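Source file: final_22.cif; contents: mmCIF, C-alpha atoms and all ligand atoms.
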```cif
data_run
#
loop_
_atom_site.label_atom_id
_atom_site.label_comp_id
_atom_site.auth_asym_id
_atom_site.auth_seq_id
_atom_site.Cartn_x
_atom_site.Cartn_y
_atom_site.Cartn_z
CA MET A 1 46.26 -15.73 -1.24
CA ASN A 2 47.25 -17.24 -4.60
CA SER A 3 46.15 -16.08 -8.04
CA ILE A 4 43.41 -18.70 -8.33
CA GLU A 5 41.73 -17.42 -5.19
CA LEU A 6 42.16 -13.83 -6.31
CA ALA A 7 40.52 -14.57 -9.65
CA GLY A 8 37.68 -16.18 -7.75
CA ILE A 9 36.69 -13.10 -5.84
CA GLY A 10 33.57 -11.32 -7.02
CA MET A 11 31.05 -12.55 -9.59
CA THR A 12 29.50 -15.19 -7.36
CA SER A 13 28.71 -15.22 -3.71
CA GLN A 14 30.42 -17.67 -1.42
CA ARG A 15 26.95 -19.07 -0.72
CA THR A 16 26.42 -20.09 -4.36
CA ARG A 17 29.72 -21.95 -4.34
CA GLU A 18 29.01 -23.61 -1.00
CA ARG A 19 25.71 -24.88 -2.41
CA LEU A 20 27.64 -26.59 -5.23
CA ILE A 21 30.13 -28.09 -2.77
CA GLN A 22 27.28 -29.38 -0.60
CA ARG A 23 25.68 -30.96 -3.67
CA LEU A 24 28.94 -32.72 -4.52
CA ILE A 25 29.18 -34.04 -0.95
CA ASP A 26 25.54 -35.20 -1.13
CA GLN A 27 26.41 -37.12 -4.31
CA GLY A 28 29.23 -38.94 -2.54
CA ILE A 29 32.36 -36.87 -3.24
CA SER A 30 34.47 -37.25 -0.12
CA SER A 31 38.00 -36.14 -1.00
CA GLN A 32 38.63 -32.95 0.98
CA PRO A 33 41.49 -31.76 -1.30
CA VAL A 34 39.24 -32.16 -4.36
CA LEU A 35 36.33 -30.33 -2.68
CA ASP A 36 38.66 -27.54 -1.51
CA VAL A 37 40.14 -27.01 -4.98
CA ILE A 38 36.68 -26.94 -6.61
CA ARG A 39 35.52 -24.44 -3.98
CA MET A 40 38.51 -22.16 -4.70
CA THR A 41 38.52 -22.38 -8.49
CA PRO A 42 36.46 -19.74 -10.35
CA ARG A 43 34.49 -21.88 -12.83
CA HIS A 44 32.87 -18.78 -14.36
CA ILE A 45 36.08 -17.70 -16.09
CA PHE A 46 36.01 -20.89 -18.19
CA LEU A 47 32.73 -19.87 -19.82
CA ASP A 48 31.59 -17.16 -22.19
CA GLU A 49 30.17 -14.19 -20.31
CA ALA A 50 26.59 -14.97 -21.39
CA LEU A 51 26.73 -18.28 -19.51
CA SER A 52 28.90 -17.35 -16.57
CA HIS A 53 25.90 -16.82 -14.26
CA ARG A 54 25.27 -20.59 -14.53
CA ALA A 55 28.86 -21.56 -13.70
CA TYR A 56 28.12 -22.95 -10.23
CA GLU A 57 25.22 -25.15 -11.29
CA ASP A 58 26.07 -28.84 -11.25
CA THR A 59 25.66 -29.17 -14.98
CA ALA A 60 27.70 -29.45 -18.19
CA LEU A 61 27.72 -26.19 -20.16
CA PRO A 62 28.57 -25.38 -23.80
CA ILE A 63 31.98 -23.92 -24.67
CA GLY A 64 31.48 -23.67 -28.45
CA PHE A 65 32.52 -25.99 -31.31
CA SER A 66 29.85 -28.49 -30.09
CA GLN A 67 31.94 -29.14 -26.96
CA THR A 68 31.14 -28.83 -23.26
CA LEU A 69 32.65 -27.90 -19.96
CA SER A 70 32.06 -31.06 -17.91
CA GLN A 71 29.59 -31.21 -15.03
CA PRO A 72 31.30 -30.40 -11.68
CA TYR A 73 30.20 -33.75 -10.22
CA ILE A 74 31.98 -35.61 -13.05
CA VAL A 75 35.11 -33.46 -12.73
CA ALA A 76 35.14 -34.12 -8.98
CA ARG A 77 34.46 -37.85 -9.34
CA MET A 78 37.12 -38.45 -12.00
CA THR A 79 39.68 -36.38 -10.10
CA GLU A 80 38.91 -38.18 -6.84
CA ILE A 81 39.36 -41.56 -8.53
CA LEU A 82 42.57 -40.45 -10.25
CA LEU A 83 44.06 -39.41 -6.90
CA SER A 84 42.77 -42.42 -4.96
CA GLY A 85 46.18 -44.12 -4.95
CA GLY A 86 47.97 -41.08 -3.50
CA ARG A 87 49.65 -37.97 -4.83
CA LEU A 88 50.57 -38.03 -8.52
CA LYS A 89 53.62 -36.49 -10.16
CA ASN A 90 52.95 -36.63 -13.87
CA VAL A 91 49.41 -36.59 -15.30
CA LEU A 92 48.12 -36.53 -18.88
CA GLU A 93 44.69 -35.09 -19.65
CA ILE A 94 43.17 -35.77 -23.07
CA GLY A 95 40.63 -33.10 -24.06
CA THR A 96 41.68 -29.73 -22.59
CA GLY A 97 38.41 -28.05 -23.65
CA SER A 98 37.94 -24.93 -21.54
CA GLY A 99 40.88 -25.82 -19.29
CA TYR A 100 38.71 -26.17 -16.16
CA GLN A 101 39.56 -29.82 -15.42
CA THR A 102 43.23 -29.04 -16.19
CA THR A 103 43.15 -26.19 -13.66
CA ILE A 104 41.66 -28.44 -10.98
CA LEU A 105 44.34 -31.07 -11.66
CA SER A 106 47.18 -28.56 -11.69
CA GLN A 107 46.43 -27.71 -8.05
CA LEU A 108 46.49 -31.35 -6.96
CA VAL A 109 49.37 -32.95 -8.89
CA GLU A 110 52.93 -31.90 -9.69
CA GLN A 111 52.80 -31.66 -13.48
CA VAL A 112 49.91 -31.75 -15.99
CA SER A 113 50.27 -32.34 -19.72
CA THR A 114 47.09 -31.73 -21.69
CA VAL A 115 46.13 -32.11 -25.36
CA GLU A 116 43.21 -30.67 -27.31
CA ARG A 117 42.32 -31.19 -30.99
CA ILE A 118 40.39 -27.90 -31.51
CA GLU A 119 42.85 -25.03 -31.86
CA PRO A 120 40.61 -22.08 -30.77
CA LEU A 121 39.63 -23.94 -27.57
CA LEU A 122 43.25 -24.69 -26.78
CA ARG A 123 44.25 -21.06 -27.38
CA LYS A 124 41.59 -19.79 -24.94
CA ALA A 125 42.50 -22.42 -22.33
CA LYS A 126 46.19 -21.48 -22.49
CA GLU A 127 45.29 -17.82 -22.01
CA ARG A 128 43.33 -18.78 -18.86
CA PHE A 129 46.29 -20.80 -17.48
CA ARG A 130 48.51 -17.75 -18.05
CA LYS A 131 46.07 -15.37 -16.32
CA LEU A 132 45.73 -17.73 -13.37
CA GLY A 133 49.51 -17.98 -13.07
CA LEU A 134 49.53 -21.78 -13.41
CA LYS A 135 53.07 -22.84 -14.17
CA ASN A 136 52.85 -26.64 -14.06
CA ILE A 137 50.74 -27.15 -17.21
CA THR A 138 52.06 -28.04 -20.67
CA ALA A 139 49.36 -27.86 -23.34
CA GLU A 140 49.52 -28.79 -27.01
CA LEU A 141 47.32 -29.05 -30.08
CA SER A 142 47.33 -32.77 -30.72
CA ASP A 143 45.14 -35.81 -31.34
CA GLY A 144 44.96 -37.47 -27.95
CA SER A 145 43.96 -40.81 -29.49
CA PHE A 146 47.73 -41.32 -29.51
CA GLY A 147 48.24 -40.05 -25.97
CA TRP A 148 51.27 -37.75 -25.74
CA ASP A 149 54.52 -39.66 -25.94
CA LYS A 150 56.74 -36.69 -25.16
CA HIS A 151 56.08 -36.61 -21.40
CA ALA A 152 55.33 -40.33 -20.85
CA PRO A 153 55.30 -42.42 -18.74
CA TYR A 154 52.38 -40.96 -16.76
CA ASP A 155 51.30 -42.09 -13.34
CA GLY A 156 47.81 -40.84 -14.16
CA ILE A 157 45.87 -40.37 -17.42
CA ILE A 158 42.39 -38.85 -17.61
CA THR A 159 40.31 -38.63 -20.77
CA THR A 160 37.45 -36.14 -21.00
CA ALA A 161 36.13 -37.39 -24.36
CA ALA A 162 34.93 -40.94 -25.00
CA PRO A 163 36.57 -43.43 -27.39
CA GLN A 164 34.75 -46.62 -28.46
CA THR A 165 37.65 -48.65 -27.08
CA VAL A 166 40.69 -47.68 -25.01
CA PRO A 167 43.45 -46.45 -27.39
CA GLU A 168 46.48 -48.80 -27.34
CA GLU A 169 48.97 -45.96 -26.87
CA LEU A 170 47.45 -45.06 -23.51
CA PHE A 171 48.38 -48.49 -22.13
CA ARG A 172 51.93 -48.03 -23.36
CA GLN A 173 52.27 -44.53 -21.88
CA MET A 174 51.26 -45.54 -18.36
CA ALA A 175 53.93 -45.94 -15.68
CA PRO A 176 53.97 -49.13 -13.57
CA GLY A 177 51.20 -48.76 -10.98
CA GLY A 178 49.68 -45.92 -13.05
CA ILE A 179 45.95 -45.23 -13.29
CA LEU A 180 43.78 -44.44 -16.31
CA VAL A 181 40.30 -42.90 -15.88
CA ILE A 182 38.36 -42.99 -19.14
CA PRO A 183 34.77 -42.99 -20.43
CA VAL A 184 34.38 -45.76 -23.04
CA GLY A 185 31.42 -46.37 -25.31
CA ASN A 186 29.20 -44.98 -28.03
CA GLY A 187 27.57 -41.56 -28.42
CA VAL A 188 24.52 -42.43 -26.32
CA SER A 189 26.13 -43.42 -23.05
CA GLN A 190 29.44 -44.75 -21.85
CA ASP A 191 31.00 -46.64 -18.95
CA LEU A 192 33.44 -44.71 -16.83
CA ARG A 193 36.33 -47.18 -16.63
CA VAL A 194 39.28 -47.20 -14.29
CA LEU A 195 42.36 -49.19 -15.31
CA ARG A 196 45.34 -49.69 -13.02
CA ARG A 197 48.60 -51.01 -14.40
CA VAL A 198 49.74 -53.87 -12.19
CA SER A 199 53.20 -52.76 -10.91
CA ASP A 200 55.85 -53.51 -13.53
CA SER A 201 53.83 -55.83 -15.75
CA ALA A 202 51.78 -55.28 -18.89
CA GLU A 203 48.63 -56.33 -16.98
CA PHE A 204 45.81 -54.01 -15.94
CA ASP A 205 43.08 -54.27 -13.34
CA GLU A 206 39.84 -52.85 -14.65
CA GLU A 207 36.77 -51.53 -12.88
CA ILE A 208 33.58 -49.97 -14.26
CA VAL A 209 32.51 -47.13 -11.99
CA GLU A 210 29.28 -45.70 -13.41
CA LYS A 211 27.41 -44.65 -16.56
CA VAL A 212 28.46 -41.28 -17.99
CA LYS A 213 27.81 -39.12 -21.05
CA PHE A 214 30.79 -37.48 -22.74
CA VAL A 215 31.42 -36.03 -26.17
CA PRO A 216 33.18 -38.53 -28.47
CA LEU A 217 36.96 -38.73 -28.81
CA LEU A 218 37.47 -37.67 -32.43
CA GLY A 219 40.51 -38.12 -34.65
CA GLY A 220 42.50 -35.37 -36.38
CA LEU A 221 42.86 -31.66 -35.67
CA SER A 222 40.52 -28.69 -36.20
CA ARG A 223 42.08 -25.23 -36.69
N1 LIG B 301 38.19 -31.11 -19.69
C1 LIG B 301 37.34 -30.23 -20.41
C2 LIG B 301 36.91 -29.03 -19.60
O1 LIG B 301 37.12 -29.02 -18.38
O2 LIG B 301 36.39 -28.07 -20.18
C3 LIG B 301 36.16 -30.97 -20.99
C4 LIG B 301 36.06 -30.75 -22.42
S1 LIG B 301 34.97 -31.66 -23.42
C5 LIG B 301 33.95 -32.65 -22.43
C6 LIG B 301 36.07 -32.81 -24.20
C7 LIG B 301 37.16 -32.20 -25.05
O3 LIG B 301 37.88 -33.25 -25.69
C8 LIG B 301 36.67 -31.29 -26.19
O4 LIG B 301 37.25 -30.03 -26.06
C9 LIG B 301 37.13 -32.01 -27.44
O5 LIG B 301 37.49 -31.14 -28.51
C10 LIG B 301 38.32 -32.79 -26.93
N2 LIG B 301 38.70 -33.93 -27.78
C11 LIG B 301 37.90 -34.80 -28.44
N3 LIG B 301 38.65 -35.69 -29.11
C12 LIG B 301 39.95 -35.38 -28.86
C13 LIG B 301 41.21 -35.92 -29.29
N4 LIG B 301 41.28 -36.97 -30.11
N5 LIG B 301 42.33 -35.33 -28.85
C14 LIG B 301 42.30 -34.26 -28.02
N6 LIG B 301 41.15 -33.70 -27.60
C15 LIG B 301 39.99 -34.25 -28.02
#
```

I'd like the structure from this file rewritten - as structure tokens, please.
Amino acid sequence: MNSIELAGIGMTSQRTRERLIQRLIDQGISSQPVLDVIRMTPRHIFLDEALSHRAYEDTALPIGFSQTLSQPYIVARMTEILLSGGRLKNVLEIGTGSGYQTTILSQLVEQVSTVERIEPLLRKAKERFRKLGLKNITAELSDGSFGWDKHAPYDGIITTAAPQTVPEELFRQMAPGGILVIPVGNGVSQDLRVLRRVSDSAEFDEEIVEKVKFVPLLGGLSR
């Protein structure tokens, strides 16, 4: 049994978690690896204690600094789309937040790089990665509007905060055949967009998947 499963024991009954998994299936999530990883990952440790009893509801929950831990359905949907072309080696996440989405990704891809602009959130997330024994995550305080050049090119990029338009740097940091999953729009609602870089060219195929509601992608750092 690995450390993620160990950390998941206690706190919530298996039945509560199974209810969440069933809800995700009912909403159309069909990737077994994604469902398995969500089932195994203790979402309650990504929340303050006062909210941890709500961890297995299919809802976004506050994590402080006016930010949220994304709804499980959205985490599942974005992860399923990201992995739809097969196993990924090198993924960038923009908006670490609590570290929950990062933790899900780290169990499904080889290497995850993640950036967060709010220092106290990043600090807590890193502490969780350490406690869970996750060794394939590199996290940094940085403005993800510029992607993260250091580990590019990425075969997958996922953004958990919404810009008004797709930042140019993200196109440049994608590997040939790479996939970008990103909410784009204003503060009221956004389109979840999926862009695939056409093999070795500078062209991208684009698809709008559904309407979503994310916090905005903001510039600069907050310490
Ligand atoms: N993936 C997160 C989770 O599982 O908890 C979701 C976090 S929340 C929906 C989005 C996060 O994006 C927030 O923590 C916010 O501070 C961060 N964010 C917003 N703009 C950013 C930027 N320019 N660079 C990096 N992070 C940013």

(request) Identify, on the basis of all atoms listed in the file, every residue whose closest approach to Leu35 (chain A) does not exceed 10 Å; exclude the query and any residue fewer than 3 positions from it along the same chain; express the result as a PyMOL selection string. (result) chain A and resi 20-22+24-25+29-32+38-40+76+80

(request) Extract, using all atoms listed in the file, all DNA, RNA and protein residues at most 12 Å from Lys150 (chain A), discarding same-chain residues fewer than 2 positions from it, and format them as a PyMOL selection string. (result) chain A and resi 90+92+113-115+138-140+142+146-148+152-154+173

(message) Taking all atoms listed in the file into account, which residues have an atom no farther than 7 Å from ligand LIG 301 (chain B)? I'd like them as a ChimeraX atom specification.
(response) /A:67-70,94-102,115-118,121,142-145,160-161,214-220

Padding 3 Å on every side, please: axis-aligned box over the listed atoms of region 32-42 of chain A, centre and edge lengths to one decimal in Å, as lines of an AutoDock Vina configuration file.
```
center_x = 38.5
center_y = -26.3
center_z = -4.7
size_x = 12.0
size_y = 19.2
size_z = 17.3
```

(request) Give the answer as one residue: which of A:Met174, A:Val212, A:Ile137, A:Ile63 has the shortest atom-to-atom distance to Ala162 (chain A), using only C-alpha atoms? (result)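 Closest candidate: A:Val212.
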
Interface rows for region 37-117 of chain A against region 184-206 of chain A: nearest pair, Å to one decimal, 9 Å, only C-alpha atoms, as a Markdown table:
```
| residue | atom | partner | partner_atom | distance |
| --- | --- | --- | --- | --- |
| A:Met78 | CA | A:Leu192 | CA | 8.7 |
| A:Ile81 | CA | A:Val194 | CA | 8.1 |
| A:Leu82 | CA | A:Val194 | CA | 8.5 |
```

(request) Using only C-alpha atoms, find the one residue out of A:Leu47, A:Ile157, A:Leu61, A:Leu83 that sits nearest to Glu169 (chain A). (result) A:Ile157

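As for CA of Gln14 (chain A) and CA of Arg128 (chain A), they are spaced 21.7 Å apart.
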
(request) Tell me, as an MDAnalysis selection string, which residues lie within 8 Å of Asp58 (chain A), counting all atoms listed in the file; anything in the same chain fewer than 2 positions away does not count. (result) chainID A and resid 20 23 56 60 71:73

(request) Pick out the residues sitting within 8 Å of Asp155 (chain A), and hand them over as a ChimeraX atom specification; count all atoms listed in the file, and ignore anything fewer than 4 positions along from it in its own chain. (result) /A:88-91,174-179

(request) Return the single residue from A:Asp36, A:Lys213, A:Leu134, A:Ile158 that is closest to Thr59 (chain A), with distances computed using all atoms listed in the file. (result)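 Looking at the shortest contact to Thr59 (chain A), the residue is A:Lys213.
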
(request) One decimal, Å: what's the distance from CA of Val37 (chain A) over to CA of Phe65 (chain A), could you say? (result)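 These atoms are spaced 27.4 Å apart.
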
(request) Have a look at CA of Glu119 (chain A) and CA of Arg223 (chain A) and let me know their distance in Å, one decimal. (result)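 About the pair CA of Glu119 (chain A) and CA of Arg223 (chain A): they are 4.9 Å apart.
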
(message) Let me make sure I understand: among A:Ser106, A:Gln27, A:Asp48, A:Glu127, which one has the smallest atom-to-atom distance to Gly64 (chain A) if we use all atoms listed in the file?
(response)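 Ranked by minimum distance to Gly64 (chain A), first place goes to A:Asp48.
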
(message) Which residue is closest to Val75 (chain A)? Choose from A:His53, A:Lys126, A:Arg43, A:Arg172 and count all atoms listed in the file.
(response)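 Result for the nearest residue to Val75 (chain A): A:Arg43.
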